[in-house]
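What follows is a set of notes on a single structure, which appears directly below.
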Amino acid sequence: MTPGILHRVPEVLVRARGLTKRFGSFTAVDGIDFDLYQGEAFGFLGPNGAGKSSTMRMIGCVSPPTEGELTILGADPVRDGAAIRARLGVVPQEDTLDVELTVRENLLVYGRYFGLPRSVIAARTDQLLDFVQLAERATDMVEPLSGGMKRRLTIARSLINDPDILILDEPTTGLDPQARHVVWDRLFRLKQRGVTLILTTHYMDEAEQLCDRLVVMDRAKIVAEGTPRELIERYSTPEVLELRFDPELHEQAAEKIKDLSSERTEVLADRILLYVADGGQALTRVREAGLEPLTELVRRSTLEDVFLYLTGRQLVD
Amino acid sequence: MAVDQLAVRTIAAARVPGSWELSVRAFRCWLTAYRRLWRSSVWSSFLGPVFYLGALGFGLGSLVDKHGTASIGGVPYVEFVAPAILAFQAMNTGMSNAAFPVYSAVHWSRIYIAARATQLRPADIFRGHAMCMALRVTMNSACFIVVMAAFGTIRSPWGAALLPAAVLTGFAFATPVAAWTVTLEKETPLNYVFRFVGVPMMLFSGTFYPVSRLPG
């Protein structure tokens, strides 16, 4: 391979092989492999307890791997943890802002942790507060800020050291829909600027909006990997027909539909999902069989369908 | 293409500063927070000793002094009790600045958790906080000594040793309490340390009367 070609090859920032984390007899992460490339947004998708946060903590160099290989920016997280952390930005699942300080002071304190000169911190603080739309609150205390504002401040704070990799553990959990969209918008802009993102989420729409590539984790293992589109094509059908019946008739209808169609069906507590190429046609067949649903919806397949297929489980929370 | 042929980014000339520098970074974080509070804390640092020395030294002291003070070395009661209360308040300041602040840094404000995501290592984070505890004990004790002097209780050049002795006393309590607190999952046991360690130490360590007066 010539050096010229090498230049155009994406750089690997994080590499994991057989990465395992055990707490006593409990295996939180069970031999996972993945690579994170420069400039991409890489997602870990999975239900609560799948091992996403444990993986993030290992990448964040705050929890040593039990087994396997983990290389971050070419270094060993156990031996070179402090040097690696200097190049990471972390947005933890729960805010760790100092609520007794002002918005600005939070960035000052954090910048100092990285040993940045005051002038650099001040200049970056202005830019970052503008970026997360908190410039007007710069001198306010953190305590009374809304959940969405605190999240945005946490994101600004995580960028104070101009990190190579930004790690976000469930960045929008607990936010209302408007606040989530503002956070997504900011993260998308970061991605456009070439910041490498790793994020965990249990929101399918979040993964679809933000991730270039993602892995689905379930019970400590990676069960699928690909772009959102690839995953949908590989594990789902073009369309999904969602039917809702009178609760009394729900089970009966489910049985009939299973007999009626050769395609995959998923019976949830409240709905029946038919995975089909053409939702309209499928609905006609259901009606012809004498079943009249209370509501029906034909939609495109989403990551949620992939998730249901892979884990056989409905996402809770 | 085999994955191993891909370019792997390496941290360019990663330099990790020494423990001292990292600890000072953690310490400065506490100073930023303390800047907001120090005025009110100085007030209480002066008022506390004024109350103690006024009530015990002069109030109670006037009764004691009337019956002769041979058993406490022949000095006025206020002079007997003042350094002891200084030691007690140093212990108390040390414990107070280690107990709930450390618990909060793990569970409520999560300052430790935030710092852990940066270059700082756990030992740096703790050393930075310990410096803050030492500073608080020093400031409180210095205020106390000023009040002691104002009450005319310092007559020996040994008075110069009061401050280092008080700081060491406070720090000797702050560090083990911090080490214990950081392991707690619930905050309720924190009150026990004051109730079952602090208060008995104050009452039975010869603070208000010579230890020789205790039976046995």
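Chain labels follow the order of the structure tokens: the first chain is A, the next B, and so on; residue numbering restarts at 1 in every chain, and ligands are counted from 1 in their shown order.
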
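Taking only C-alpha atoms, the non-local environment of region 114-130 of chain A within 8 Å (same-chain residues fewer than 5 positions away omitted) comprises Ala86, Arg104, Leu107, Leu108, Ala135, Ala138, Leu153, Ala156, Leu159, Ile160 and Asn161 of chain A; Arg25, Thr118 and Gln119 of chain B.
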
Given the selection you just returned, output its residues as a file containing C-alpha atoms, formatted as an mmCIF file, in the first residue's frame.
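Okay, out.cif is ready:
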data_model
loop_
_atom_site.group_PDB
_atom_site.id
_atom_site.type_symbol
_atom_site.label_atom_id
_atom_site.label_comp_id
_atom_site.auth_asym_id
_atom_site.auth_seq_id
_atom_site.Cartn_x
_atom_site.Cartn_y
_atom_site.Cartn_z
ATOM 1 C CA ALA A 86 -7.338 14.658 27.913
ATOM 2 C CA ARG A 104 -19.581 30.288 32.835
ATOM 3 C CA LEU A 107 -16.810 25.803 31.927
ATOM 4 C CA LEU A 108 -13.960 27.576 33.716
ATOM 5 C CA ALA A 135 -24.866 32.926 25.824
ATOM 6 C CA ALA A 138 -23.678 32.896 30.950
ATOM 7 C CA LEU A 153 -24.406 23.129 29.005
ATOM 8 C CA ALA A 156 -20.650 22.682 25.836
ATOM 9 C CA LEU A 159 -16.163 20.375 24.242
ATOM 10 C CA ILE A 160 -13.993 22.754 26.273
ATOM 11 C CA ASN A 161 -10.846 20.683 25.649
ATOM 12 C CA ARG B 25 -6.173 21.880 39.324
ATOM 13 C CA THR B 118 -10.981 14.674 32.677
ATOM 14 C CA GLN B 119 -7.251 14.204 33.008
#

Interface residues on chain A facing chain B, 10 Å, only C-alpha atoms, written as an MDAnalysis selection string = chainID A and resid 1 6:15 35 37:38 57 60:62 71:75 80:92 94:102 105:106 108:115 158 161 164

Residue subset to file, keeping C-alpha atoms, as an mmCIF file, in the first residue's frame:
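again_22.cif was written with the following content:
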data_model
loop_
_atom_site.group_PDB
_atom_site.id
_atom_site.type_symbol
_atom_site.label_atom_id
_atom_site.label_comp_id
_atom_site.auth_asym_id
_atom_site.auth_seq_id
_atom_site.Cartn_x
_atom_site.Cartn_y
_atom_site.Cartn_z
ATOM 1 C CA MET A 1 0.000 0.000 0.000
ATOM 2 C CA LEU A 6 -3.056 5.619 3.313
ATOM 3 C CA HIS A 7 -3.923 9.293 3.558
ATOM 4 C CA ARG A 8 -7.431 8.740 2.332
ATOM 5 C CA VAL A 9 -8.113 5.794 4.591
ATOM 6 C CA PRO A 10 -10.246 6.745 7.577
ATOM 7 C CA GLU A 11 -8.362 6.689 10.814
ATOM 8 C CA VAL A 12 -9.368 4.253 13.523
ATOM 9 C CA LEU A 13 -9.808 6.096 16.805
ATOM 10 C CA VAL A 14 -11.104 3.266 18.953
ATOM 11 C CA ARG A 15 -10.634 -0.432 18.401
ATOM 12 C CA ASP A 35 -13.999 0.037 15.334
ATOM 13 C CA TYR A 37 -13.513 5.821 12.600
ATOM 14 C CA GLN A 38 -12.518 9.455 12.497
ATOM 15 C CA ARG A 57 -17.243 3.772 30.804
ATOM 16 C CA GLY A 60 -14.068 6.846 28.806
ATOM 17 C CA CYS A 61 -11.119 5.238 30.652
ATOM 18 C CA VAL A 62 -12.886 5.222 34.013
ATOM 19 C CA THR A 71 -7.141 0.706 22.070
ATOM 20 C CA ILE A 72 -8.175 4.351 22.193
ATOM 21 C CA LEU A 73 -6.263 6.872 20.075
ATOM 22 C CA GLY A 74 -3.562 4.268 19.779
ATOM 23 C CA ALA A 75 -3.076 4.014 23.524
ATOM 24 C CA ASP A 80 -2.498 5.911 29.515
ATOM 25 C CA GLY A 81 -5.938 6.731 30.934
ATOM 26 C CA ALA A 82 -5.117 10.319 31.867
ATOM 27 C CA ALA A 83 -3.525 11.078 28.484
ATOM 28 C CA ILE A 84 -6.494 9.605 26.626
ATOM 29 C CA ARG A 85 -9.060 11.380 28.789
ATOM 30 C CA ALA A 86 -7.338 14.658 27.913
ATOM 31 C CA ARG A 87 -8.531 14.037 24.327
ATOM 32 C CA LEU A 88 -12.088 12.909 25.153
ATOM 33 C CA GLY A 89 -15.259 14.830 25.793
ATOM 34 C CA VAL A 90 -17.829 13.093 27.950
ATOM 35 C CA VAL A 91 -21.534 13.788 28.299
ATOM 36 C CA PRO A 92 -22.620 11.442 31.081
ATOM 37 C CA GLU A 94 -26.826 12.093 34.482
ATOM 38 C CA ASP A 95 -25.678 15.694 34.557
ATOM 39 C CA THR A 96 -22.628 16.366 36.700
ATOM 40 C CA LEU A 97 -22.769 20.137 36.533
ATOM 41 C CA ASP A 98 -21.849 22.145 39.607
ATOM 42 C CA VAL A 99 -25.213 23.753 40.323
ATOM 43 C CA GLU A 100 -23.720 26.148 42.867
ATOM 44 C CA LEU A 101 -21.670 27.808 40.147
ATOM 45 C CA THR A 102 -22.701 29.941 37.195
ATOM 46 C CA GLU A 105 -17.845 29.088 35.973
ATOM 47 C CA ASN A 106 -18.771 25.511 35.144
ATOM 48 C CA LEU A 108 -13.960 27.576 33.716
ATOM 49 C CA VAL A 109 -13.624 24.845 36.319
ATOM 50 C CA TYR A 110 -13.762 22.139 33.703
ATOM 51 C CA GLY A 111 -11.262 23.859 31.433
ATOM 52 C CA ARG A 112 -8.885 24.116 34.381
ATOM 53 C CA TYR A 113 -9.125 20.385 34.962
ATOM 54 C CA PHE A 114 -7.544 20.060 31.526
ATOM 55 C CA GLY A 115 -4.917 22.652 32.420
ATOM 56 C CA SER A 158 -17.553 18.409 27.202
ATOM 57 C CA ASN A 161 -10.846 20.683 25.649
ATOM 58 C CA ASP A 164 -10.978 14.114 19.370
#

For Ser54 (chain A), work out the shell of residues within 8 Å, counting only C-alpha atoms and skipping chain neighbours fewer than 4 positions away, then give it as a list in words.
-> Lys21, Ala28, Val29, Met58 and Ser63 of chain A

Please report, as a ChimeraX atom specification, each residue of region 161-232 of chain A to which DSSP assigns helix (DSSP H, G or I) when run on this structure's backbone.
-> /A:177-192,204-210,228-232

Identify which of the residues B:Gln89, B:Ser71, B:Ser41, B:Ser104 lies closest to Leu184 (chain B), counting only C-alpha atoms when measuring atom-to-atom distances.
->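 Smallest separation from Leu184 (chain B) among the options: B:Ser104.
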